[in-house]
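target-v5.cif follows; it contains mmCIF, C-alpha atoms.
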```
data_work
#
loop_
_atom_site.label_atom_id
_atom_site.label_comp_id
_atom_site.auth_asym_id
_atom_site.auth_seq_id
_atom_site.Cartn_x
_atom_site.Cartn_y
_atom_site.Cartn_z
CA MET A 1067 5.92 30.14 2.64
CA ASP A 1068 2.14 30.39 2.19
CA SER A 1069 -0.32 28.54 4.39
CA HIS A 1070 -1.09 25.89 1.75
CA ASN A 1071 2.57 24.87 1.55
CA ILE A 1072 2.98 24.85 5.33
CA TYR A 1073 -0.08 22.58 5.55
CA VAL A 1074 1.30 20.21 2.87
CA TYR A 1075 4.74 19.90 4.50
CA LEU A 1076 3.27 19.33 7.98
CA ALA A 1077 0.86 16.80 6.45
CA ILE A 1078 3.78 14.93 4.83
CA ILE A 1079 5.71 14.91 8.12
CA SER A 1080 2.66 13.70 10.10
CA MET A 1081 2.13 10.86 7.64
CA ALA A 1082 5.80 9.89 7.69
CA ALA A 1083 5.93 9.89 11.49
CA ALA A 1084 2.91 7.59 11.75
CA THR A 1085 3.96 5.24 8.93
CA ASN A 1086 7.51 4.84 10.15
CA LEU A 1087 6.43 4.43 13.76
CA VAL A 1088 4.50 1.34 12.67
CA ARG A 1089 7.58 0.10 10.78
CA VAL A 1090 9.98 0.64 13.67
CA LEU A 1091 7.86 -0.59 16.60
CA PRO A 1092 8.49 -4.33 16.11
CA SER A 1093 12.26 -3.72 16.04
CA LEU A 1094 12.09 -1.69 19.24
CA LEU A 1095 9.64 -3.78 21.24
CA LEU A 1096 9.33 -7.26 19.89
CA LYS A 1097 11.02 -9.97 21.88
CA LYS A 1098 8.76 -12.87 20.89
CA PRO A 1099 5.96 -13.52 18.36
CA ILE A 1100 2.39 -12.29 19.00
CA LYS A 1101 0.36 -15.02 20.73
CA ASN A 1102 -3.03 -13.35 21.17
CA THR A 1103 -5.44 -14.92 18.65
CA PHE A 1104 -7.71 -11.88 18.39
CA ILE A 1105 -4.82 -9.49 17.66
CA LYS A 1106 -3.27 -11.93 15.21
CA SER A 1107 -6.62 -12.40 13.42
CA PHE A 1108 -7.30 -8.67 13.40
CA LEU A 1109 -3.89 -7.97 11.86
CA TYR A 1110 -4.52 -10.70 9.32
CA TYR A 1111 -7.91 -9.35 8.14
CA ALA A 1112 -7.21 -5.60 8.43
CA PRO A 1113 -5.23 -5.20 5.15
CA TYR A 1114 -8.03 -6.79 3.11
CA VAL A 1115 -10.67 -4.53 4.65
CA THR A 1116 -8.56 -1.38 4.31
CA LEU A 1117 -7.67 -2.00 0.68
CA SER A 1118 -11.25 -2.96 -0.22
CA VAL A 1119 -12.67 0.18 1.39
CA MET A 1120 -10.03 2.32 -0.31
CA ALA A 1121 -10.56 0.71 -3.71
CA PHE A 1122 -14.34 0.81 -3.84
CA PRO A 1123 -16.27 2.93 -4.71
CA SER A 1124 -13.31 5.38 -5.15
CA ILE A 1125 -12.21 3.50 -8.28
CA LEU A 1126 -15.49 4.47 -9.98
CA TYR A 1127 -14.71 8.18 -9.57
CA SER A 1128 -10.95 7.95 -10.18
CA THR A 1129 -10.95 8.84 -13.89
CA GLY A 1130 -13.82 11.33 -14.06
CA ASN A 1131 -15.72 9.05 -16.46
CA PHE A 1132 -18.03 6.74 -14.50
CA THR A 1133 -18.75 4.23 -17.28
CA ALA A 1134 -15.08 3.92 -18.28
CA SER A 1135 -14.07 3.46 -14.63
CA LEU A 1136 -16.74 0.81 -14.09
CA ILE A 1137 -15.46 -1.10 -17.14
CA GLY A 1138 -11.91 -0.79 -15.77
CA PHE A 1139 -13.01 -2.13 -12.38
CA ILE A 1140 -14.82 -5.11 -13.91
CA PHE A 1141 -11.78 -5.77 -16.12
CA VAL A 1142 -9.39 -5.95 -13.14
CA ALA A 1143 -11.80 -8.02 -11.06
CA ALA A 1144 -12.12 -10.51 -13.94
CA LEU A 1145 -8.34 -10.71 -14.49
CA CYS A 1146 -7.87 -11.66 -10.82
CA PHE A 1147 -9.31 -15.04 -11.79
CA THR A 1148 -6.69 -15.59 -14.50
CA LYS A 1149 -2.91 -15.91 -14.42
CA ALA A 1150 -2.39 -12.40 -15.78
CA GLY A 1151 -0.62 -11.06 -12.68
CA MET A 1152 -0.81 -7.66 -11.02
CA PHE A 1153 1.36 -5.77 -13.47
CA VAL A 1154 -0.58 -6.81 -16.59
CA SER A 1155 -3.95 -6.34 -14.85
CA THR A 1156 -3.13 -2.83 -13.68
CA ILE A 1157 -1.63 -1.58 -16.93
CA GLY A 1158 -4.42 -3.40 -18.81
CA ALA A 1159 -7.03 -1.50 -16.80
CA CYS A 1160 -5.43 1.80 -17.83
CA ILE A 1161 -5.56 0.81 -21.52
CA VAL A 1162 -9.16 -0.43 -21.22
CA VAL A 1163 -10.18 2.84 -19.54
CA TYR A 1164 -8.38 4.85 -22.20
CA LEU A 1165 -10.24 3.01 -24.97
CA ALA A 1166 -13.58 3.17 -23.11
CA GLN A 1167 -13.21 6.94 -22.75
CA LEU A 1168 -13.10 7.23 -26.52
CA VAL A 1169 -16.47 5.48 -26.77
CA PHE A 1170 -18.45 6.71 -23.71
CA MET B 832 34.60 -11.91 7.59
CA LYS B 833 31.47 -10.26 8.96
CA TYR B 834 31.99 -7.37 6.53
CA GLU B 835 32.26 -9.76 3.56
CA GLU B 836 29.05 -11.50 4.54
CA ASP B 837 27.16 -8.21 4.94
CA ASN B 838 28.48 -6.99 1.63
CA ARG B 839 27.26 -10.08 -0.20
CA ALA B 840 23.81 -9.93 1.42
CA PHE B 841 23.43 -6.27 0.50
CA ILE B 842 24.38 -6.83 -3.15
CA ARG B 843 22.02 -9.80 -3.38
CA GLY B 844 19.11 -7.79 -2.00
CA TYR B 845 19.94 -4.89 -4.29
CA ARG B 846 19.94 -7.17 -7.37
CA ASP B 847 16.86 -9.20 -6.39
CA ALA B 848 14.79 -6.02 -6.03
CA LEU B 849 15.17 -4.88 -9.67
CA PRO B 850 11.61 -6.01 -10.56
CA ILE B 851 10.36 -3.99 -7.60
CA PHE B 852 12.18 -0.92 -8.94
CA ILE B 853 10.37 -1.31 -12.27
CA SER B 854 6.89 -1.89 -10.83
CA TYR B 855 7.35 0.89 -8.26
CA PHE B 856 8.29 3.29 -11.03
CA ALA B 857 5.17 2.37 -13.02
CA VAL B 858 2.76 2.51 -10.07
CA SER B 859 4.17 5.70 -8.56
CA LEU B 860 3.55 7.55 -11.85
CA ALA B 861 -0.10 7.37 -10.78
CA VAL B 862 0.80 8.54 -7.26
CA GLY B 863 2.54 11.57 -8.77
CA ILE B 864 -0.43 12.34 -11.00
CA ASN B 865 -2.87 12.02 -8.07
CA ALA B 866 -0.64 14.22 -5.90
CA LYS B 867 -0.48 16.86 -8.60
CA ASN B 868 -4.29 16.78 -8.95
CA ALA B 869 -4.56 17.29 -5.18
CA GLY B 870 -2.46 20.46 -5.33
CA LEU B 871 1.01 19.17 -4.42
CA SER B 872 4.12 20.28 -6.31
CA ALA B 873 6.40 17.68 -7.93
CA PHE B 874 8.94 18.28 -5.17
CA GLN B 875 6.34 17.84 -2.41
CA ALA B 876 5.03 14.65 -4.02
CA SER B 877 8.58 13.24 -4.29
CA LEU B 878 9.38 14.18 -0.69
CA MET B 879 6.22 12.41 0.43
CA SER B 880 7.24 9.30 -1.52
CA PHE B 881 10.78 9.39 -0.10
CA LEU B 882 9.61 9.73 3.51
CA ASN B 883 6.61 7.38 3.35
CA LEU B 884 7.18 4.70 0.67
CA THR B 885 3.64 3.33 0.88
CA SER B 886 1.18 3.22 -2.02
CA THR B 887 -1.99 2.70 0.05
CA GLY B 888 -0.97 5.15 2.74
CA GLN B 889 -0.05 7.85 0.23
CA ALA B 890 -3.25 7.35 -1.79
CA ALA B 891 -5.28 7.94 1.38
CA GLY B 892 -3.00 10.77 2.54
CA ILE B 893 -3.24 12.57 -0.80
CA GLU B 894 -7.03 12.26 -0.76
CA ILE B 895 -7.16 13.67 2.80
CA ILE B 896 -4.83 16.55 1.85
CA ARG B 897 -7.05 17.31 -1.16
CA GLN B 898 -10.02 17.61 1.25
CA HIS B 899 -7.89 19.66 3.69
CA GLY B 900 -8.30 17.07 6.44
CA THR B 901 -6.73 17.44 9.88
CA TYR B 902 -3.27 16.20 10.95
CA ILE B 903 -4.93 13.81 13.42
CA GLU B 904 -6.92 12.30 10.55
CA LEU B 905 -3.73 11.90 8.49
CA ILE B 906 -1.92 10.21 11.38
CA MET B 907 -4.86 7.93 12.25
CA SER B 908 -5.34 6.90 8.62
CA GLN B 909 -1.65 6.00 8.22
CA LEU B 910 -1.73 3.98 11.45
CA ALA B 911 -4.85 2.10 10.35
CA ILE B 912 -3.80 1.54 6.75
CA ASN B 913 -0.21 0.59 7.53
CA LEU B 914 -0.97 -1.52 10.57
CA ARG B 915 -0.03 -4.48 8.42
CA TYR B 916 3.62 -3.32 8.55
CA LEU B 917 3.49 -4.19 12.24
CA LEU B 918 2.63 -7.73 11.30
CA MET B 919 5.32 -7.83 8.60
CA GLY B 920 7.97 -6.35 10.89
CA THR B 921 7.04 -8.96 13.46
CA ALA B 922 7.30 -11.75 10.92
CA LEU B 923 10.69 -10.55 9.62
CA ALA B 924 12.10 -9.99 13.13
CA VAL B 925 11.73 -13.68 13.92
CA ARG B 926 13.64 -14.62 10.74
CA LEU B 927 16.79 -12.75 11.82
CA ARG B 928 19.64 -14.40 13.67
CA PRO B 929 19.03 -13.56 17.38
CA GLY B 930 21.07 -10.83 19.04
CA GLN B 931 21.20 -8.26 16.22
CA SER B 932 22.10 -4.70 17.22
CA LEU B 933 19.38 -2.05 17.18
CA GLY B 934 20.95 -0.37 14.16
CA ARG B 935 20.78 -3.59 12.17
CA ARG B 936 17.18 -4.25 13.22
CA LEU B 937 16.25 -0.75 12.09
CA MET B 938 17.70 -1.55 8.63
CA VAL B 939 14.89 -4.11 8.37
CA SER B 940 12.24 -1.69 9.66
CA ILE B 941 13.01 1.10 7.21
CA GLY B 942 12.41 -1.12 4.19
CA ILE B 943 9.11 -2.71 5.15
CA THR B 944 6.61 -2.55 2.28
CA ASP B 945 4.35 -5.27 0.84
CA GLU B 946 6.79 -6.06 -1.96
CA ILE B 947 10.08 -5.95 0.00
CA PHE B 948 8.44 -8.03 2.70
CA ALA B 949 7.39 -10.63 0.12
CA LEU B 950 10.94 -10.80 -1.28
CA SER B 951 12.63 -10.89 2.14
CA SER B 952 10.42 -13.67 3.42
CA SER B 953 11.24 -15.80 0.39
CA VAL B 954 15.01 -16.03 1.15
CA ALA B 955 16.41 -18.75 3.40
CA LYS B 956 16.71 -18.20 7.17
CA PRO B 957 18.52 -16.59 8.88
CA LEU B 958 17.68 -13.36 7.09
CA SER B 959 20.43 -10.73 6.93
CA PRO B 960 19.32 -7.16 7.74
CA LEU B 961 21.65 -6.07 4.94
CA TYR B 962 19.57 -8.06 2.44
CA VAL B 963 16.44 -6.07 3.34
CA PHE B 964 18.44 -2.84 3.25
CA GLY B 965 19.73 -3.78 -0.23
CA CYS B 966 16.14 -4.28 -1.42
CA TYR B 967 15.24 -0.87 0.03
CA CYS B 968 18.16 0.88 -1.70
CA MET B 969 17.05 -0.50 -5.08
CA SER B 970 13.28 -0.04 -4.64
CA MET B 971 12.97 3.37 -2.99
CA PRO B 972 14.55 5.39 -5.84
CA GLY B 973 12.08 3.76 -8.28
CA TRP B 974 9.22 4.97 -6.12
CA VAL B 975 10.55 8.53 -5.79
CA LEU B 976 11.57 8.86 -9.47
CA GLY B 977 8.20 7.56 -10.64
CA THR B 978 6.35 10.01 -8.38
CA PHE B 979 8.42 12.92 -9.66
CA THR B 980 7.95 11.86 -13.30
CA GLY B 981 4.20 11.39 -12.81
CA ALA B 982 3.78 14.81 -11.21
CA GLN B 983 5.75 16.41 -14.06
CA LEU B 984 4.22 14.40 -16.94
CA GLY B 985 0.76 15.24 -15.62
CA ASN B 986 1.22 18.60 -17.38
CA ILE B 987 2.58 17.23 -20.66
CA LEU B 988 0.41 14.18 -21.32
CA PRO B 989 -3.07 14.59 -22.87
CA GLN B 990 -5.92 14.70 -20.33
CA THR B 991 -7.37 11.38 -21.57
CA VAL B 992 -4.06 9.58 -20.88
CA VAL B 993 -3.75 11.14 -17.41
CA SER B 994 -7.30 10.21 -16.45
CA ALA B 995 -6.79 6.66 -17.76
CA MET B 996 -3.63 6.34 -15.61
CA SER B 997 -5.45 7.67 -12.57
CA ILE B 998 -7.20 4.32 -12.24
CA ALA B 999 -3.88 2.42 -11.93
CA LEU B 1000 -3.55 2.69 -8.16
CA TYR B 1001 -7.17 1.70 -7.47
CA ALA B 1002 -6.88 -1.14 -9.97
CA MET B 1003 -3.84 -2.36 -8.03
CA PHE B 1004 -5.74 -2.27 -4.72
CA THR B 1005 -8.60 -4.20 -6.32
CA TYR B 1006 -6.19 -6.80 -7.65
CA LEU B 1007 -4.37 -7.06 -4.30
CA VAL B 1008 -7.58 -7.98 -2.44
CA ILE B 1009 -9.51 -10.05 -4.98
CA GLU B 1010 -6.66 -12.19 -6.31
CA PRO B 1011 -5.70 -13.77 -2.94
CA ALA B 1012 -9.33 -13.80 -1.73
CA ARG B 1013 -10.59 -15.99 -4.56
CA LYS B 1014 -9.06 -19.01 -2.79
CA SER B 1015 -10.96 -18.40 0.44
CA ARG B 1016 -14.71 -17.97 0.87
CA ILE B 1017 -14.22 -16.07 4.14
CA LEU B 1018 -11.80 -13.58 2.55
CA MET B 1019 -13.96 -13.11 -0.55
CA SER B 1020 -17.02 -12.40 1.61
CA LEU B 1021 -14.93 -9.99 3.68
CA VAL B 1022 -13.82 -8.13 0.55
CA VAL B 1023 -17.34 -7.90 -0.90
CA ILE B 1024 -18.85 -6.81 2.44
CA SER B 1025 -16.12 -4.19 2.91
CA MET B 1026 -16.74 -2.75 -0.55
CA LEU B 1027 -20.52 -2.67 -0.07
CA LEU B 1028 -20.27 -1.05 3.37
CA SER B 1029 -17.85 1.49 1.92
CA LEU B 1030 -20.41 2.36 -0.76
CA LEU B 1031 -23.23 2.45 1.81
CA THR B 1032 -21.21 4.74 4.10
CA ASP B 1033 -20.65 7.16 1.22
CA LYS B 1034 -24.40 7.26 0.55
CA LEU B 1035 -25.59 7.52 4.17
CA LEU B 1036 -22.81 9.73 5.59
CA PRO B 1037 -21.55 11.85 2.69
CA SER B 1038 -19.93 14.34 5.10
CA LEU B 1039 -17.67 11.69 6.69
CA SER B 1040 -14.11 12.21 5.39
CA PHE B 1041 -12.29 9.53 3.42
CA GLY B 1042 -9.66 9.00 6.14
CA MET B 1043 -12.22 8.56 8.92
CA LYS B 1044 -14.24 6.18 6.77
CA VAL B 1045 -11.20 3.97 6.14
CA ILE B 1046 -10.27 3.95 9.84
CA ILE B 1047 -13.76 3.24 11.19
CA LEU B 1048 -14.63 0.53 8.65
CA THR B 1049 -11.23 -1.16 9.07
CA VAL B 1050 -11.56 -1.36 12.85
CA VAL B 1051 -15.22 -2.45 12.85
CA ILE B 1052 -15.11 -5.01 10.03
CA SER B 1053 -11.71 -6.51 10.96
CA SER B 1054 -12.73 -6.88 14.62
CA ALA B 1055 -15.96 -8.61 13.61
CA ALA B 1056 -14.04 -10.94 11.29
CA ALA B 1057 -11.42 -11.66 13.98
CA LEU B 1058 -14.16 -12.55 16.49
CA LEU B 1059 -16.21 -14.65 14.07
CA PHE B 1060 -13.35 -16.37 12.23
CA PRO B 1061 -10.21 -16.38 14.40
CA VAL B 1062 -7.06 -17.31 12.48
CA LYS B 1063 -5.60 -20.45 13.98
CA ASP B 1064 -2.92 -21.46 11.54
CA GLU B 1065 0.31 -19.43 11.34
CA ASP B 1066 0.64 -20.49 7.70
CA GLU B 1067 -2.52 -18.69 6.67
CA LYS B 1068 -0.51 -15.49 6.76
CA GLU B 1069 1.56 -16.75 3.83
CA ASP B 1070 -1.53 -16.60 1.62
CA SER B 1071 -2.27 -13.02 2.51
CA LEU B 1072 -1.55 -9.84 0.60
CA ASN B 1073 2.07 -10.22 1.54
CA GLY B 1074 2.55 -12.85 -1.14
CA GLN B 1075 1.64 -10.36 -3.86
CA SER B 1076 4.17 -8.24 -5.64
#
```

Structure translated into structure tokens:
Amino acid sequence: MDSHNIYVYLAIISMAAATNLVRVLPSLLLKKPIKNTFIKSFLYYAPYVTLSVMAFPSILYSTGNFTASLIGFIFVAALCFTKAGMFVSTIGACIVVYLAQLVF
Amino acid sequence: MKYEEDNRAFIRGYRDALPIFISYFAVSLAVGINAKNAGLSAFQASLMSFLNLTSTGQAAGIEIIRQHGTYIELIMSQLAINLRYLLMGTALAVRLRPGQSLGRRLMVSIGITDEIFALSSSVAKPLSPLYVFGCYCMSMPGWVLGTFTGAQLGNILPQTVVSAMSIALYAMFTYLVIEPARKSRILMSLVVISMLLSLLTDKLLPSLSFGMKVIILTVVISSAAALLFPVKDEDEKEDSLNGQS
């Protein structure tokens, strides 16, 4: 096996170990709910921050066409304020980007 | 008697999770395409999906692998990004009937994702571990099959279609934060500030890796928010990302 493949497999195993550790910990340790307000608040806000940081500005470079990506981003952000739902918004963004690529 | 009850809970979970199978298949097409772009084979991408089952975690992991990041960075990013599973596992653990064996509690742990959590918290208490396991058994194959298909189709589909689909995952993240945040001024400010600081970090520290950026900004911004706006009400959690599918 070449070094690239060894790296990829070890990377996959490292990720899986960390992700599943977080999944399993409450089952192993938890006897009663978390009481500490700071920890509770931190755990409440963290997903929003993480997803926001991951989404932006990466989304603008995701398709290789900046203008099309920007239009896709604005499209999704706008649909969040409607009843479209996640599935329609996400697939819709792909279609919008596809069409925008033909123009820009 | 016990066996009958477990059996019924498993089948119910398995059936209820059909929509998750479909949406996982669709979303993981993009994961497969991204993985392929980052230099992973279809088998490696599928193995990653089977062992990790996490869209956000895998998106970050794939990006780090593409940049040849370190194992420590990969581990830290997964811990930071998937910290929310700790909260979900905690929330589900208190819904179980007390005194479950370790094996049965682990059946709950293995299936924790945003979507399975949302489904499992919507059924009446006490929650059966077999219900969560049923959801997992339906959902996971959708995720792995979609990844494999995406990594394979990446070669067959025209480049314009592949690049259009590459936005799917990021569009989903955007939806997952903005949709629930529009009801709360604090959350909306948090989302906007996080996005702006992410952009600013890219401009000021272009050499900082993606994984480290996610970890540092998550810890700093979430701590600040937790200090400034402590969450008092247990119910506020219900409004969070967890309610999304």

Closest of A:Lys1149, A:Cys1160, A:Leu1165, A:Met1067 to chain B - atom-to-atom distances counting only C-alpha atoms | A:Cys1160

Could the residues of chain A that have an atom at most 6 Å from chain B be listed as a Markdown table, each with its closest atom pair and the distance in Å to one decimal, counting all atoms listed in the file and ordered by chain and ascending residue number?
```
| residue | atom | partner | partner_atom | distance |
| --- | --- | --- | --- | --- |
| A:Ile1078 | CA | B:Met879 | CA | 5.6 |
| A:Ser1080 | CA | B:Ile906 | CA | 5.9 |
| A:Met1081 | CA | B:Ile906 | CA | 5.6 |
| A:Ala1082 | CA | B:Asn883 | CA | 5.1 |
| A:Ala1084 | CA | B:Ile906 | CA | 5.5 |
| A:Thr1085 | CA | B:Gln909 | CA | 5.7 |
| A:Val1088 | CA | B:Leu917 | CA | 5.6 |
| A:Arg1089 | CA | B:Ser940 | CA | 5.1 |
| A:Val1090 | CA | B:Ser940 | CA | 5.2 |
| A:Pro1092 | CA | B:Thr921 | CA | 5.5 |
| A:Ser1093 | CA | B:Arg936 | CA | 5.7 |
| A:Phe1104 | CA | B:Ala1057 | CA | 5.8 |
| A:Ser1107 | CA | B:Ala1057 | CA | 4.9 |
| A:Phe1108 | CA | B:Ala1057 | CA | 5.1 |
| A:Tyr1111 | CA | B:Ser1053 | CA | 5.5 |
| A:Ala1112 | CA | B:Ser1053 | CA | 5.2 |
| A:Tyr1114 | CA | B:Val1008 | CA | 5.7 |
| A:Val1115 | CA | B:Thr1049 | CA | 5.6 |
| A:Thr1116 | CA | B:Thr1049 | CA | 5.5 |
| A:Leu1117 | CA | B:Phe1004 | CA | 5.7 |
| A:Ser1118 | CA | B:Met1026 | CA | 5.5 |
| A:Val1119 | CA | B:Ser1029 | CA | 5.4 |
| A:Ala1121 | CA | B:Tyr1001 | CA | 5.2 |
| A:Phe1122 | CA | B:Met1026 | CA | 5.4 |
| A:Pro1123 | CA | B:Leu1030 | CA | 5.8 |
| A:Ile1125 | CA | B:Tyr1001 | CA | 5.4 |
| A:Ser1128 | CA | B:Ile998 | CA | 5.6 |
| A:Thr1129 | CA | B:Ser994 | CA | 4.7 |
| A:Cys1146 | CA | B:Glu1010 | CA | 4.7 |
| A:Thr1156 | CA | B:Ala1002 | CA | 5.5 |
| A:Cys1160 | CA | B:Ala995 | CA | 5.0 |
| A:Val1163 | CA | B:Ala995 | CA | 5.4 |
| A:Tyr1164 | CA | B:Ala995 | CA | 5.1 |
```

Straight-line distance linking atom CA of B:Ser952 with atom CA of B:Arg928, stated in Å to one decimal |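 A separation of 13.8 Å between them.
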
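Atom CA of A:Ile1157 sits 16.6 Å away from atom CA of A:Leu1126.
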
Got a sec to resolve the PyMOL selection byres ((chain B and resi 839-843) around 7) on this structure and send the residues as an NGL selection string?
-> :B and (835-838 or 844-847 or 959 or 961-962 or 964-965)

Decode the PyMOL selection byres ((chain B and resi 982) around 10) for the given file into explicit residues and return them as an NGL selection string.
-> :B and (859-868 or 871-877 or 976-981 or 983-987)

In Å, how far is it from atom CA of B:Glu946 to atom CA of B:Gly973?
-> 12.8 Å

Could you check which of B:Pro989, B:Ser1015, B:Ser970, B:Tyr834 is closest to B:Asp945, using only C-alpha atoms?
-> B:Ser970

Rank nothing, just name the residue among A:Tyr1110, A:Phe1147, A:Phe1170, A:Tyr1073 nearest to A:Ala1134, using only C-alpha atoms.
->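 Once distances to A:Ala1134 are computed over only C-alpha atoms, the minimum belongs to A:Phe1170.
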
Shortest contact to A:Val1162, candidates A:Ala1150, A:Ile1137, A:Ala1144, A:Leu1094, atoms counted only C-alpha atoms, goes to A:Ile1137

Shortest interatomic distance to B:Ile851 - which of B:Leu958, B:Ser886, B:Glu894, B:Met971, counting all atoms listed in the file | B:Met971

Counting all atoms listed in the file, which of B:Cys968, B:Leu927, B:Val963, B:Leu950 gets nearest to B:Phe852?
->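 Closest to B:Phe852 of all the choices is B:Cys968.
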